[in-house]
Amino acid sequence: MWTCGNSGGENWVSEYLVDTSVWVEFLRGEKTAIKKRLEKLLDENRAVVSGIILAELLTGIHNEKDQDFLEESFLGLPFLEATRDIFAMAGKMGASMRKKGFNMPLSDLLIAALAKAHGLTVLTLDNHFQTLARPLNVQMELLKGL
């Protein structure tokens, strides 16, 4: 298990909202560079999670014991709550992207809205975040080739 500073968000300085794709690779432990990158962020208290990311990860774990372990492990991380304003922002982002011809998953829009509202960078392995980042002014770091 890993722990990271305060849960609840008080007095934490974080820079990255870590996307589900990065957590999946981290938990698999196969790609050493990704594992090291996230471990460094965790050690420096610079990684943040949210409900949608936790839900996506738990969806992919079929063993209840492993689900409980993940849930417990995330208790030590700063956790962002999605407010009404965040959901509205995500919806408006989705409408804006649709006008440009892109239909984005609501989960990705919610992650982008959370990051934008809190001044965080989305750390991801998913190329489609590049489609979101520039037009919506969302900071993103794409981990590719690691």
# chains A, B, ... in the order shown; residues from 1 in each chain; ligands from 1
call {"tool": "residues_around", "arguments": {"residues": "range 26-37 of chain A", "least_positions_apart": "5", "cutoff": "10 Å", "atoms": "only C-alpha atoms", "output": "list in words"}}
result
Thr20, Ser21, Leu42, Leu57, Leu70, Leu125, Leu143, Lys144, Gly145 and Leu146 of chain A
call {"tool": "residues_around", "arguments": {"residues": "Ala115 in chain A", "least_positions_apart": "5", "cutoff": "10 Å", "atoms": "only C-alpha atoms", "output": "ChimeraX atom specification"}}
result
/A:15-18,48,50,80,86,109-110,120-123,138-140
call {"tool": "write_last_selection", "arguments": {"atoms": "N, CA and C atoms", "output": "mmCIF file, in the first residue's frame"}}
result
data_model
loop_
_atom_site.group_PDB
_atom_site.id
_atom_site.type_symbol
_atom_site.label_atom_id
_atom_site.label_comp_id
_atom_site.auth_asym_id
_atom_site.auth_seq_id
_atom_site.Cartn_x
_atom_site.Cartn_y
_atom_site.Cartn_z
ATOM 1 N N GLU A 15 0.023 18.484 -8.226
ATOM 2 C CA GLU A 15 0.073 19.009 -9.563
ATOM 3 C C GLU A 15 -0.595 18.115 -10.594
ATOM 4 N N TYR A 16 -0.839 16.844 -10.289
ATOM 5 C CA TYR A 16 -1.307 15.895 -11.298
ATOM 6 C C TYR A 16 -2.565 15.153 -10.877
ATOM 7 N N LEU A 17 -3.548 15.191 -11.742
ATOM 8 C CA LEU A 17 -4.703 14.317 -11.615
ATOM 9 C C LEU A 17 -4.366 13.098 -12.465
ATOM 10 N N VAL A 18 -4.114 11.983 -11.807
ATOM 11 C CA VAL A 18 -3.610 10.784 -12.477
ATOM 12 C C VAL A 18 -4.785 10.014 -13.066
ATOM 13 N N VAL A 48 -3.156 13.207 -7.382
ATOM 14 C CA VAL A 48 -4.526 13.372 -6.901
ATOM 15 C C VAL A 48 -5.413 12.371 -7.630
ATOM 16 N N SER A 50 -9.772 11.019 -8.154
ATOM 17 C CA SER A 50 -11.160 11.479 -8.078
ATOM 18 C C SER A 50 -12.085 10.269 -8.104
ATOM 19 N N LEU A 80 -10.484 14.499 -5.103
ATOM 20 C CA LEU A 80 -11.308 15.608 -5.594
ATOM 21 C C LEU A 80 -12.760 15.174 -5.727
ATOM 22 N N ILE A 86 -18.680 21.431 -11.449
ATOM 23 C CA ILE A 86 -17.757 20.577 -12.212
ATOM 24 C C ILE A 86 -18.537 19.785 -13.260
ATOM 25 N N LEU A 109 -14.369 13.814 -19.945
ATOM 26 C CA LEU A 109 -14.776 15.209 -19.777
ATOM 27 C C LEU A 109 -14.788 15.607 -18.301
ATOM 28 N N LEU A 110 -15.236 14.700 -17.459
ATOM 29 C CA LEU A 110 -15.260 14.971 -16.020
ATOM 30 C C LEU A 110 -13.843 15.101 -15.470
ATOM 31 N N LEU A 120 -4.804 21.529 -12.246
ATOM 32 C CA LEU A 120 -3.962 20.340 -12.271
ATOM 33 C C LEU A 120 -3.676 19.908 -13.701
ATOM 34 N N THR A 121 -2.628 19.146 -13.863
ATOM 35 C CA THR A 121 -2.287 18.531 -15.139
ATOM 36 C C THR A 121 -2.802 17.099 -15.133
ATOM 37 N N VAL A 122 -3.480 16.699 -16.193
ATOM 38 C CA VAL A 122 -3.926 15.313 -16.329
ATOM 39 C C VAL A 122 -2.724 14.491 -16.788
ATOM 40 N N LEU A 123 -2.360 13.499 -16.001
ATOM 41 C CA LEU A 123 -1.291 12.568 -16.367
ATOM 42 C C LEU A 123 -1.959 11.338 -16.949
ATOM 43 N N VAL A 138 -6.903 22.601 -21.139
ATOM 44 C CA VAL A 138 -6.641 21.699 -20.024
ATOM 45 C C VAL A 138 -5.192 21.237 -20.129
ATOM 46 N N GLN A 139 -4.460 21.357 -19.034
ATOM 47 C CA GLN A 139 -3.070 20.904 -19.024
ATOM 48 C C GLN A 139 -3.036 19.384 -19.037
ATOM 49 N N MET A 140 -2.142 18.810 -19.857
ATOM 50 C CA MET A 140 -2.065 17.360 -19.976
ATOM 51 C C MET A 140 -0.621 16.953 -20.202
#
call {"tool": "atom_distance", "arguments": {"atom1": "CA of Ala90 in chain A", "atom2": "CA of Ala113 in chain A"}}
result
5.3 Å
call {"tool": "closest_residue", "arguments": {"among": "A:Ser96, A:Val24, A:Phe129, A:Pro78", "to": "Gly60 in chain A", "atoms": "only C-alpha atoms"}}
result
A:Val24
call {"tool": "closest_residue", "arguments": {"among": "A:Lys92, A:Leu136, A:Gly51, A:Lys40", "to": "Phe74 in chain A", "atoms": "only C-alpha atoms"}}
result
A:Gly51
call {"tool": "atom_distance", "arguments": {"atom1": "CA of Leu75 in chain A", "atom2": "CA of Ala47 in chain A"}}
result
12.6 Å
call {"tool": "atom_distance", "arguments": {"atom1": "CA of Glu44 in chain A", "atom2": "CA of Asn127 in chain A"}}
result
25.9 Å
call {"tool": "residues_around", "arguments": {"residues": "Gly91 in chain A", "least_positions_apart": "6", "cutoff": "12 Å", "atoms": "only C-alpha atoms", "output": "ChimeraX atom specification"}}
result
/A:84-85,97-98,103-113
call {"tool": "write_last_selection", "arguments": {"atoms": "C-alpha atoms", "output": "mmCIF file, in the first residue's frame"}}
result
data_model
loop_
_atom_site.group_PDB
_atom_site.id
_atom_site.type_symbol
_atom_site.label_atom_id
_atom_site.label_comp_id
_atom_site.auth_asym_id
_atom_site.auth_seq_id
_atom_site.Cartn_x
_atom_site.Cartn_y
_atom_site.Cartn_z
ATOM 1 C CA ARG A 84 -22.531 20.603 -9.558
ATOM 2 C CA ASP A 85 -20.280 23.241 -11.148
ATOM 3 C CA MET A 97 -16.137 19.304 -28.440
ATOM 4 C CA ARG A 98 -19.230 17.962 -30.206
ATOM 5 C CA ASN A 103 -17.720 12.927 -29.221
ATOM 6 C CA MET A 104 -15.804 12.430 -25.947
ATOM 7 C CA PRO A 105 -16.622 9.994 -23.116
ATOM 8 C CA LEU A 106 -18.266 11.684 -20.141
ATOM 9 C CA SER A 107 -15.634 10.186 -17.811
ATOM 10 C CA ASP A 108 -12.850 11.947 -19.738
ATOM 11 C CA LEU A 109 -14.776 15.209 -19.777
ATOM 12 C CA LEU A 110 -15.260 14.971 -16.020
ATOM 13 C CA ILE A 111 -11.544 14.317 -15.465
ATOM 14 C CA ALA A 112 -10.699 17.280 -17.715
ATOM 15 C CA ALA A 113 -13.151 19.546 -15.865
#
call {"tool": "select_by_dssp", "arguments": {"residues": "range 1-144 of chain A", "states": "strand (DSSP E or B)", "output": "number ranges by chain"}}
result
A: 16-18, 47-50, 79-80, 121-124, 140-142
call {"tool": "closest_residue", "arguments": {"among": "A:Ala95, A:Leu142, A:Leu77, A:Leu54", "to": "Thr124 in chain A", "atoms": "only C-alpha atoms"}}
result
A:Leu142
call {"tool": "select_by_dssp", "arguments": {"residues": "range 50-117 of chain A", "states": "helix (DSSP H, G or I)", "output": "VMD selection string"}}
result
chain A and resid 51 to 59 64 to 74 84 to 99 106 to 117
call {"tool": "write_last_selection", "arguments": {"atoms": "C-alpha atoms", "output": "tab-separated table (two decimals), in the first residue's frame"}}
result
chain	number	residue	atom	x	y	z
A	51	GLY	CA	-14.33	9.44	-7.81
A	52	ILE	CA	-14.60	8.72	-11.53
A	53	ILE	CA	-11.04	7.36	-11.61
A	54	LEU	CA	-11.64	5.19	-8.54
A	55	ALA	CA	-14.89	3.89	-10.06
A	56	GLU	CA	-13.22	3.07	-13.38
A	57	LEU	CA	-10.44	1.16	-11.61
A	58	LEU	CA	-12.84	-0.77	-9.36
A	59	THR	CA	-14.91	-1.72	-12.42
A	64	GLU	CA	-13.53	-8.20	-3.89
A	65	LYS	CA	-10.35	-8.49	-1.81
A	66	ASP	CA	-8.38	-6.57	-4.47
A	67	GLN	CA	-11.17	-3.99	-4.75
A	68	ASP	CA	-11.05	-3.42	-0.99
A	69	PHE	CA	-7.25	-3.12	-1.08
A	70	LEU	CA	-7.39	-0.51	-3.85
A	71	GLU	CA	-10.11	1.45	-2.10
A	72	GLU	CA	-8.14	1.43	1.16
A	73	SER	CA	-4.94	2.44	-0.63
A	74	PHE	CA	-6.64	5.44	-2.19
A	84	ARG	CA	-22.53	20.60	-9.56
A	85	ASP	CA	-20.28	23.24	-11.15
A	86	ILE	CA	-17.76	20.58	-12.21
A	87	PHE	CA	-20.49	18.48	-13.82
A	88	ALA	CA	-21.83	21.57	-15.61
A	89	MET	CA	-18.32	22.40	-16.83
A	90	ALA	CA	-17.87	18.82	-18.11
A	91	GLY	CA	-21.19	19.04	-19.97
A	92	LYS	CA	-20.28	22.36	-21.56
A	93	MET	CA	-16.88	20.95	-22.55
A	94	GLY	CA	-18.65	18.01	-24.17
A	95	ALA	CA	-20.97	20.32	-26.10
A	96	SER	CA	-18.01	22.40	-27.26
A	97	MET	CA	-16.14	19.30	-28.44
A	98	ARG	CA	-19.23	17.96	-30.21
A	99	LYS	CA	-19.48	21.23	-32.18
A	106	LEU	CA	-18.27	11.68	-20.14
A	107	SER	CA	-15.63	10.19	-17.81
A	108	ASP	CA	-12.85	11.95	-19.74
A	109	LEU	CA	-14.78	15.21	-19.78
A	110	LEU	CA	-15.26	14.97	-16.02
A	111	ILE	CA	-11.54	14.32	-15.47
A	112	ALA	CA	-10.70	17.28	-17.72
A	113	ALA	CA	-13.15	19.55	-15.87
A	114	LEU	CA	-11.76	18.54	-12.46
A	115	ALA	CA	-8.20	19.18	-13.63
A	116	LYS	CA	-9.06	22.54	-15.16
A	117	ALA	CA	-11.05	23.72	-12.12
call {"tool": "closest_residue", "arguments": {"among": "A:Val49, A:His118, A:Pro135, A:Asp126", "to": "Glu25 in chain A", "atoms": "only C-alpha atoms"}}
result
A:Asp126
